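Chemist: Please find one structure pasted underneath; my questions will follow.
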Amino acid sequence: MENVSGHGVEEVSFQLHRSEILGVSGLMGAGRTELMKIIYGAMPREAGTIRLDGKVINPVSPQDALANGIAYISEDRKGEGLVLGLSVKDNMSLSALDKLTHWGKIQPRDEVMAVDDFIRLFNIKTPHRGQIIGNLSGGNQQKVAIAKGLMTKPKVLILDEPTRGVDVGAKKEIYQLINQFKAEGMSIILVSSEMPKCLA
């Protein structure tokens, strides 16, 4: 990112490398979320350049960002991250339908296998993949929201306050998973209002 501006964000520059976690911290209203949404194409960029793998990209919508390998997990999981009336399966696969589609048709077997793999990996406590997600605990909802982003197979994963409103046990599990993703080569931007979380 070079001198990126928009929505109260002014001339922000940084580099994010492969297998790296970049912490972004600041008080509420400091522009953290706005910056992430500019990268994700959910808010317009007024100036500056974004490069991914050395190539200039211009995400003007979340669909553009996802196509370029950038996934964003919102701090507002209930308002922006999940559809509370849908099942665990439908929420998890919602952003990755193009990767689960062959000749214009969703492949149910591939979808179920991918969802079940993430339920096991994330230790999501749900009676079954068809459970309405609004009936799960906050920590399990958050795990589904993160899995939803990962199902798109991103190069860059943006996590905006990923442990807000979850219990201590779920926080530990989420941070363990974040470190696992980093070890597997993913680039992660971790946004938090608490500086120690970015430094841990």
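So you can find residues: chains in the structure tokens are A, B, ... in the order shown, residues in each start at 1, and ligands are numbered from 1 in order.
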List the neighbours of Leu86 in chain A out to 9 Å using only C-alpha atoms; skip same-chain residues closer than 3 positions along the sequence, and give me the result as a PDB file with N, CA and C atoms, in the first residue's frame.
Modeler:
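This is the output file out_39.pdb:
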```
ATOM      1  N   LEU A  82     -22.256 -12.336   9.039  1.00  0.00           N
ATOM      2  CA  LEU A  82     -23.054 -13.548   8.957  1.00  0.00           C
ATOM      3  C   LEU A  82     -24.510 -13.233   8.638  1.00  0.00           C
ATOM      4  N   VAL A  83     -25.205 -14.226   8.104  1.00  0.00           N
ATOM      5  CA  VAL A  83     -26.658 -14.130   7.926  1.00  0.00           C
ATOM      6  C   VAL A  83     -27.259 -15.044   8.980  1.00  0.00           C
ATOM      7  N   LYS A  89     -23.676 -24.219   7.363  1.00  0.00           N
ATOM      8  CA  LYS A  89     -23.174 -24.564   6.021  1.00  0.00           C
ATOM      9  C   LYS A  89     -23.345 -23.410   5.038  1.00  0.00           C
ATOM     10  N   ASP A  90     -24.530 -22.833   4.994  1.00  0.00           N
ATOM     11  CA  ASP A  90     -24.791 -21.777   4.013  1.00  0.00           C
ATOM     12  C   ASP A  90     -23.969 -20.522   4.299  1.00  0.00           C
ATOM     13  N   ASN A  91     -23.794 -20.188   5.574  1.00  0.00           N
ATOM     14  CA  ASN A  91     -22.968 -19.037   5.921  1.00  0.00           C
ATOM     15  C   ASN A  91     -21.518 -19.259   5.518  1.00  0.00           C
ATOM     16  N   GLY A 130     -26.364 -28.081   9.412  1.00  0.00           N
ATOM     17  CA  GLY A 130     -27.613 -27.404   9.067  1.00  0.00           C
ATOM     18  C   GLY A 130     -28.178 -26.550  10.180  1.00  0.00           C
ATOM     19  N   GLN A 131     -27.482 -26.490  11.318  1.00  0.00           N
ATOM     20  CA  GLN A 131     -27.959 -25.666  12.435  1.00  0.00           C
ATOM     21  C   GLN A 131     -27.994 -24.192  12.050  1.00  0.00           C
ATOM     22  N   ILE A 132     -29.068 -23.486  12.428  1.00  0.00           N
ATOM     23  CA  ILE A 132     -29.158 -22.040  12.184  1.00  0.00           C
ATOM     24  C   ILE A 132     -28.072 -21.357  13.004  1.00  0.00           C
ATOM     25  N   ILE A 133     -27.291 -20.528  12.354  1.00  0.00           N
ATOM     26  CA  ILE A 133     -26.099 -19.990  13.010  1.00  0.00           C
ATOM     27  C   ILE A 133     -26.431 -19.047  14.165  1.00  0.00           C
ATOM     28  N   GLY A 134     -27.608 -18.431  14.107  1.00  0.00           N
ATOM     29  CA  GLY A 134     -28.007 -17.551  15.201  1.00  0.00           C
ATOM     30  C   GLY A 134     -28.185 -18.277  16.515  1.00  0.00           C
TER      31      GLY A 134
END
```
Chemist: Within 12 Å of His17 in chain A, counting only C-alpha atoms, which residues qualify if same-chain residues fewer than 5 places away don't, as a list in words?
Modeler: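 Result of the neighbour search: Met1, Leu22, Arg51, Leu52, Asp53, Gly54, Lys155, Val156, Lys182, Gly185, Met186, Ser187, Ile188 and Ile189 of chain A.
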Chemist: Could you find all residues in range 13-156 of chain A that DSSP calls helix (DSSP H, G or I) from the backbone, and write them as a VMD selection string?
Modeler: chain A and resid 32 to 39 62 to 67 77 to 81 88 to 100 108 to 121 133 to 135 138 to 150
Chemist: Could you tell me which of A:Ala71, A:Ala42, A:Met151, A:Val88 comes closest to Pro59 in chain A if we count only C-alpha atoms?
Modeler: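 Among the listed residues, A:Ala42 lies closest to Pro59 in chain A.
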Chemist: Write out as a list in words the residues lying within 8 Å of Leu66 in chain A, counting only C-alpha atoms and excluding same-chain residues fewer than 5 positions away.
Modeler: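 Near neighbours after the sequence-gap exclusion: Tyr40, Ala71, Thr152 and Pro154 of chain A.
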Chemist: Mind dumping the selected residues with C-alpha atoms as a PDB file, in the first residue's frame?
Modeler:
```
ATOM      1  CA  TYR A  40     -11.504  -4.822   0.540  1.00  0.00           C
ATOM      2  CA  ALA A  71     -10.803 -11.736   2.289  1.00  0.00           C
ATOM      3  CA  THR A 152     -12.313 -18.392  -0.536  1.00  0.00           C
ATOM      4  CA  PRO A 154      -7.281 -16.000   0.157  1.00  0.00           C
TER       5      PRO A 154
END
```
Chemist: Residues at most 7 Å from range 135-147 of chain A, counting only C-alpha atoms, excluding those fewer than 6 positions away in the same chain, as a list in words?
Modeler: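 Close residues of range 135-147 of chain A: Ile73, Arg77, Gly81, Leu82, Met92, Phe118, Phe122, Ile124, Lys125, Thr126, Gly165, Val166, Asp167 and Ala170 of chain A.
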Chemist: Using DSSP on the backbone coordinates, identify all residues within range 84-137 of chain A classified as strand (DSSP E or B); present the result as a compact mmCIF listing (two decimals) with C-alpha atoms, in the first residue's frame.
Modeler:
```txt
# COMPACT_ATOMS: atom_id res chain seq x y z
CA SER A 87 -27.37 -22.45 8.49
CA THR A 101 -19.36 -24.48 -8.71
CA HIS A 102 -18.71 -26.59 -11.79
CA LYS A 105 -23.87 -25.72 -10.71
CA ILE A 106 -22.91 -25.89 -7.04
CA ILE A 132 -29.16 -22.04 12.18
```
Chemist: Grab the CA of Lys37 in chain A to CA of Ala183 in chain A distance for me, in Å with one decimal place.
Modeler: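 A separation of 25.3 Å between them.
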